>>> print(open('final_20.txt').read())   # compact mmCIF, C-alpha atoms
# COMPACT_ATOMS: atom_id res chain seq x y z
CA MET A 10 20.62 -17.50 1.96
CA THR A 11 21.73 -13.91 2.59
CA PRO A 12 19.79 -11.15 0.82
CA PRO A 13 21.50 -9.18 -1.94
CA VAL A 14 23.01 -5.91 -0.71
CA ASN A 15 20.71 -3.80 -2.88
CA MET A 16 17.60 -5.73 -1.74
CA PRO A 17 17.58 -5.99 2.06
CA TRP A 18 13.90 -7.04 1.86
CA SER A 19 14.79 -10.27 0.03
CA GLN A 20 13.44 -13.57 1.35
CA ALA A 21 14.63 -16.29 -0.99
CA PHE A 22 13.52 -19.92 -1.05
CA ARG A 23 15.48 -22.56 -2.96
CA VAL A 24 12.87 -24.62 -4.79
CA ALA A 25 14.91 -27.83 -4.34
CA GLU A 26 14.78 -27.37 -0.55
CA LEU A 27 11.02 -26.69 -0.25
CA ALA A 28 8.73 -29.36 1.21
CA SER A 29 7.03 -31.03 -1.74
CA ARG A 30 3.86 -32.07 0.09
CA LYS A 31 2.95 -29.13 2.32
CA PRO A 32 2.88 -25.33 2.10
CA THR A 33 5.85 -23.23 3.14
CA ARG A 34 4.53 -20.19 4.99
CA PHE A 35 6.38 -16.88 5.18
CA THR A 36 6.00 -13.44 6.72
CA LEU A 37 8.18 -10.53 5.69
CA ALA A 38 8.92 -8.12 8.50
CA LEU A 39 11.20 -5.29 7.42
CA ASP A 40 13.25 -3.14 9.76
CA GLU A 41 13.47 0.65 9.34
CA ALA A 42 16.59 0.47 7.18
CA ALA A 43 14.96 -2.00 4.77
CA LEU A 44 11.77 0.13 4.61
CA ALA A 45 13.89 3.19 3.80
CA ALA A 46 15.81 1.27 1.12
CA LEU A 47 12.55 0.01 -0.41
CA ALA A 48 11.12 3.56 -0.41
CA ALA A 49 14.24 4.86 -2.16
CA ASP A 50 14.16 2.01 -4.69
CA LEU A 51 10.51 2.74 -5.57
CA GLY A 52 10.88 6.55 -5.56
CA LEU A 53 8.65 7.02 -2.52
CA LEU A 54 9.02 9.56 0.25
CA GLU A 55 8.41 6.87 2.87
CA VAL A 56 7.12 3.37 3.47
CA ARG A 57 5.54 3.60 6.93
CA LYS A 58 4.19 0.10 7.34
CA LEU A 59 4.49 -3.04 5.29
CA THR A 60 3.32 -6.60 5.73
CA PHE A 61 3.66 -9.44 3.28
CA LYS A 62 2.35 -12.75 4.51
CA GLY A 63 1.69 -15.83 2.43
CA GLU A 64 2.71 -19.29 1.42
CA LEU A 65 4.36 -21.30 -1.31
CA VAL A 66 2.27 -24.34 -2.20
CA PRO A 67 3.36 -27.24 -4.40
CA LYS A 68 1.10 -27.79 -7.40
CA GLY A 69 1.53 -31.17 -9.02
CA ARG A 70 4.97 -32.69 -9.14
CA HIS A 71 7.05 -29.69 -10.22
CA ASP A 72 4.98 -26.51 -10.17
CA TRP A 73 4.52 -24.00 -7.34
CA GLU A 74 2.06 -21.28 -6.41
CA LEU A 75 2.77 -18.24 -4.24
CA THR A 76 -0.24 -16.58 -2.64
CA ALA A 77 0.12 -13.70 -0.23
CA ARG A 78 -1.51 -10.59 1.20
CA LEU A 79 0.28 -7.27 0.82
CA GLY A 80 -0.53 -4.43 3.20
CA ALA A 81 1.33 -1.14 3.14
CA SER A 82 1.12 2.53 4.06
CA VAL A 83 3.22 4.60 1.70
CA VAL A 84 3.86 8.31 1.26
CA GLN A 85 4.33 9.78 -2.22
CA ALA A 86 4.77 13.34 -3.43
CA CYS A 87 1.66 15.00 -4.87
CA ILE A 88 2.06 15.50 -8.64
CA VAL A 89 0.74 19.07 -8.36
CA THR A 90 2.04 20.50 -5.08
CA LEU A 91 4.73 17.96 -4.06
CA ALA A 92 2.99 17.75 -0.68
CA PRO A 93 3.16 14.31 0.96
CA VAL A 94 0.21 12.04 0.09
CA GLN A 95 -0.37 8.94 2.20
CA THR A 96 -1.91 5.88 0.54
CA ARG A 97 -3.05 2.60 2.09
CA ILE A 98 -2.54 -0.47 -0.09
CA ASP A 99 -4.18 -3.84 0.49
CA GLU A 100 -3.65 -6.35 -2.31
CA ASP A 101 -3.89 -10.09 -2.83
CA VAL A 102 -0.82 -11.36 -4.67
CA LYS A 103 -0.62 -14.57 -6.68
CA ARG A 104 2.19 -16.03 -8.78
CA ARG A 105 2.29 -19.45 -10.43
CA TYR A 106 5.65 -20.96 -11.26
CA LEU A 107 5.60 -23.63 -13.97
CA ALA A 108 8.46 -26.06 -14.50
CA GLU A 109 7.53 -26.47 -18.16
CA MET A 110 6.64 -23.09 -19.61
CA PRO A 111 5.64 -23.20 -23.26
CA GLN A 112 8.36 -21.62 -25.41
CA ILE A 113 7.15 -18.87 -27.73
CA GLU A 114 9.15 -18.54 -30.93
CA ALA A 115 7.06 -16.01 -32.87
CA ASP A 116 8.16 -12.47 -33.67
CA GLU A 117 4.98 -11.00 -32.24
CA VAL A 118 2.90 -12.46 -29.44
CA GLU A 119 -0.18 -11.42 -27.53
CA MET A 120 0.01 -10.91 -23.80
CA PRO A 121 -1.52 -13.89 -22.01
CA GLU A 122 -4.70 -13.31 -20.02
CA ASP A 123 -3.13 -14.93 -16.96
CA ASP A 124 -0.27 -12.63 -15.98
CA THR A 125 0.47 -14.59 -12.80
CA VAL A 126 2.33 -17.38 -14.63
CA GLU A 127 6.14 -17.43 -14.72
CA ALA A 128 8.83 -19.96 -15.47
CA LEU A 129 9.98 -21.84 -12.37
CA PRO A 130 13.30 -20.41 -11.18
CA GLN A 131 15.78 -22.21 -8.94
CA VAL A 132 15.09 -19.61 -6.24
CA ILE A 133 11.73 -17.95 -5.52
CA ASP A 134 12.27 -14.60 -3.80
CA ALA A 135 9.16 -13.60 -1.86
CA GLY A 136 10.73 -10.20 -1.17
CA ALA A 137 11.16 -9.49 -4.88
CA VAL A 138 7.53 -10.50 -5.49
CA MET A 139 6.47 -8.17 -2.65
CA ALA A 140 8.44 -5.22 -4.09
CA GLU A 141 7.01 -5.83 -7.57
CA ALA A 142 3.43 -6.10 -6.24
CA LEU A 143 3.88 -2.90 -4.24
CA ALA A 144 5.25 -1.04 -7.27
CA LEU A 145 2.29 -2.16 -9.38
CA ALA A 146 -0.24 -1.15 -6.70
CA LEU A 147 1.06 2.40 -6.22
CA PRO A 148 -1.11 5.25 -7.50
CA LEU A 149 0.41 6.60 -10.71
CA TYR A 150 -0.59 10.22 -10.05
CA PRO A 151 -0.99 10.84 -6.32
CA ARG A 152 -2.80 14.09 -5.62
CA ALA A 153 -3.19 15.91 -2.32
CA PRO A 154 -6.76 16.88 -1.36
CA GLY A 155 -7.65 20.21 -2.99
CA ALA A 156 -4.63 20.22 -5.30
CA ASP A 157 -5.57 21.80 -8.62
CA LEU A 158 -3.45 22.58 -11.65
CA GLY A 159 -5.48 25.66 -12.53
CA ALA A 160 -5.28 27.33 -15.92
CA VAL A 161 -2.01 28.35 -17.51
CA GLN A 162 -1.89 31.20 -19.97
CA GLY A 163 1.11 31.94 -22.09
CA THR A 164 0.28 34.79 -24.44
CA PRO A 165 2.41 37.78 -25.35
CA PRO A 166 1.38 41.17 -23.93
CA GLY A 167 -1.52 42.72 -25.80
CA ALA A 168 -2.60 39.47 -27.48
CA GLU A 169 -5.91 37.80 -26.76
CA PRO A 170 -5.36 34.68 -24.60
CA ILE A 171 -6.20 31.37 -26.20
CA VAL A 172 -8.96 29.76 -24.20
CA GLU A 173 -9.51 26.01 -24.29
CA GLU A 174 -13.15 26.58 -25.29
CA LYS A 175 -12.03 28.25 -28.54
CA LEU A 176 -9.79 25.32 -29.43
CA ARG A 177 -12.72 22.92 -29.54
CA PRO A 178 -14.20 23.01 -33.05
CA PHE A 179 -17.75 22.17 -31.94
CA ALA A 180 -17.80 24.11 -28.65
CA GLY A 181 -20.23 26.75 -29.92
CA LEU A 182 -22.78 24.34 -31.43
CA ALA A 183 -24.84 24.01 -28.26
CA ASP A 184 -25.17 27.81 -27.97
CA LEU A 185 -26.03 28.07 -31.67
CA LEU A 186 -28.76 25.43 -31.32
CA LYS A 187 -30.26 27.23 -28.31
CA GLN A 188 -30.22 30.52 -30.23
CA ARG A 189 -32.01 28.95 -33.22
CA GLU A 190 -34.57 27.28 -30.96
CA GLY A 191 -35.24 30.67 -29.35
CA GLU A 192 -35.72 32.27 -32.77
CA ALA A 193 -38.07 29.47 -33.81
CA GLU A 194 -40.15 29.99 -30.65
CA LYS A 195 -40.42 33.74 -31.37
CA LYS A 196 -41.67 33.04 -34.91
CA LYS A 197 -44.34 30.66 -33.58
CA ASP A 198 -45.60 33.30 -31.16
CA GLU A 199 -45.95 35.91 -33.94
>>> encode(input="final_20.txt", output="C-alpha cells")
Amino acid sequence: MTPPVNMPWSQAFRVAELASRKPTRFTLALDEAALAALAADLGLLEVRKLTFKGELVPKGRHDWELTARLGASVVQACIVTLAPVQTRIDEDVKRRYLAEMPQIEADEVEMPEDDTVEALPQVIDAGAVMAEALALALPLYPRAPGADLGAVQGTPPGAEPIVEEKLRPFAGLADLLKQREGEAEKKKDE
C-alpha cells in the first residue's frame, strides 16, 4: 500500500492480511524528506532522529494490539526567545483495536480510563500512530535555558506602576503579623 501524499511516514497494514497467529513486527525508518514533512506537520523546527519499532499482535479471534517504542530528537522554538530547543523523547506506545467496540448513545459520556482502546479499522497505520504519539509527547511550552519573561510594565507617564504584589489582597498580611509580633515583644519587655 502506498502512503498518502501528505503522510510520507505512513506504514499501513491491512488487518485482513495480517498473520492471525503470530506478531507482525515493524520498524519505521524515515528519510530526510519524510522527517522534514513530519516536522512541518507538527509545527517543529526540525525532527533530527526518529525511530518507531514495534509489533502488531493478535488478541483473541478479532482484536489486535500495537505496542512500540518511540524515540525522537526534536527541535522546537522557545516560547520566550524563539531560540531552538532540542528535546529527546522516549515513549512506550500502546494501542488496542477491538472488533466489537461498545456503542455509546448518551448525550454526555465520561472519558474512559483506558485511552489506548480504539475501534478496529480495516487498515492500521503504524505511521499515523507514531505521529500521534510524537505530537502527544512534545513539550507544550519549550523553554531555552535561562529564558525569562521578566516583568512587563504598562503605565502612563507619571503614574505609579501597578506591581503584582499590590494586586494580591492578602500580600501585606505577613508583614502586618510580623509588625504586631514585634510590638507585642516590646510591650513584654517594658
>>> closest_residue(input="final_20.txt", among="A:Ala142, A:Val83, A:Lys196, A:Thr90", to="Gly155 (chain A)", atoms="only C-alpha atoms")
A:Thr90
>>> atom_distance(input="final_20.txt", atom1="CA of Gly52 (chain A)", atom2="CA of Asp124 (chain A)")
24.5 Å
>>> atom_distance(input="final_20.txt", atom1="CA of Ala144 (chain A)", atom2="CA of Lys58 (chain A)")
14.7 Å
>>> residues_around(input="final_20.txt", residues="Ala45 (chain A)", least_positions_apart="6", cutoff="12 Å", atoms="all atoms listed in the file", output="VMD selection string")
chain A and resid 15 to 18 39 51 to 59 83 to 84
>>> closest_residue(input="final_20.txt", among="A:Ala128, A:Val66, A:Leu143, A:Met110", to="Arg78 (chain A)", atoms="all atoms listed in the file")
A:Leu143
>>> closest_residue(input="final_20.txt", among="A:Gln188, A:Gln85, A:Thr96, A:Ser19", to="Phe35 (chain A)", atoms="only C-alpha atoms")
A:Ser19
>>> closest_residue(input="final_20.txt", among="A:Pro148, A:Pro32, A:Pro154, A:Pro130", to="Gly63 (chain A)", atoms="all atoms listed in the file")
A:Pro32
>>> closest_residue(input="final_20.txt", among="A:Leu27, A:Leu145, A:Ala49, A:Leu185", to="Val102 (chain A)", atoms="all atoms listed in the file")
A:Leu145
>>> atom_distance(input="final_20.txt", atom1="CA of Lys68 (chain A)", atom2="CA of Gly80 (chain A)")
25.7 Å
>>> axis_aligned_box(input="final_20.txt", around="region 27-45 of chain A", padding_each_side="4 Å", output="AutoDock Vina command-line options")
--center_x 9.7 --center_y -14.4 --center_z 4.0 --size_x 21.7 --size_y 43.3 --size_z 19.5
>>> residues_near_point(input="final_20.txt", point="(10.2, -9.9, 7.5)", cutoff="8 Å", atoms="only C-alpha atoms", output="ChimeraX atom specification")
/A:18,20,36-40,60-61
>>> residues_around(input="final_20.txt", residues="Arg23 (chain A)", least_positions_apart="2", cutoff="9 Å", atoms="all atoms listed in the file", output="PDB file with C-alpha atoms, keeping the file's coordinate frame")
ATOM      1  CA  MET A  10      20.620 -17.500   1.960  1.00  0.00           C
ATOM      2  CA  ALA A  21      14.630 -16.290  -0.990  1.00  0.00           C
ATOM      3  CA  ALA A  25      14.910 -27.830  -4.340  1.00  0.00           C
ATOM      4  CA  GLU A  26      14.780 -27.370  -0.550  1.00  0.00           C
ATOM      5  CA  LEU A  27      11.020 -26.690  -0.250  1.00  0.00           C
ATOM      6  CA  PRO A 130      13.300 -20.410 -11.180  1.00  0.00           C
ATOM      7  CA  GLN A 131      15.780 -22.210  -8.940  1.00  0.00           C
ATOM      8  CA  VAL A 132      15.090 -19.610  -6.240  1.00  0.00           C
ATOM      9  CA  ILE A 133      11.730 -17.950  -5.520  1.00  0.00           C
ATOM     10  CA  ASP A 134      12.270 -14.600  -3.800  1.00  0.00           C
TER      11      ASP A 134
END
>>> residues_near_point(input="final_20.txt", point="(7.6, -24.2, -11.1)", cutoff="6 Å", atoms="only C-alpha atoms", output="number ranges by chain")
A: 71-73, 106-108, 129
>>> closest_residue(input="final_20.txt", among="A:Met139, A:Leu147, A:Ala193, A:Val24", to="Val94 (chain A)", atoms="all atoms listed in the file")
A:Leu147
>>> residues_around(input="final_20.txt", residues="Thr125 (chain A)", least_positions_apart="2", cutoff="7 Å", atoms="only C-alpha atoms", output="list in words")
Lys103, Arg104, Arg105, Asp123 and Glu127 of chain A
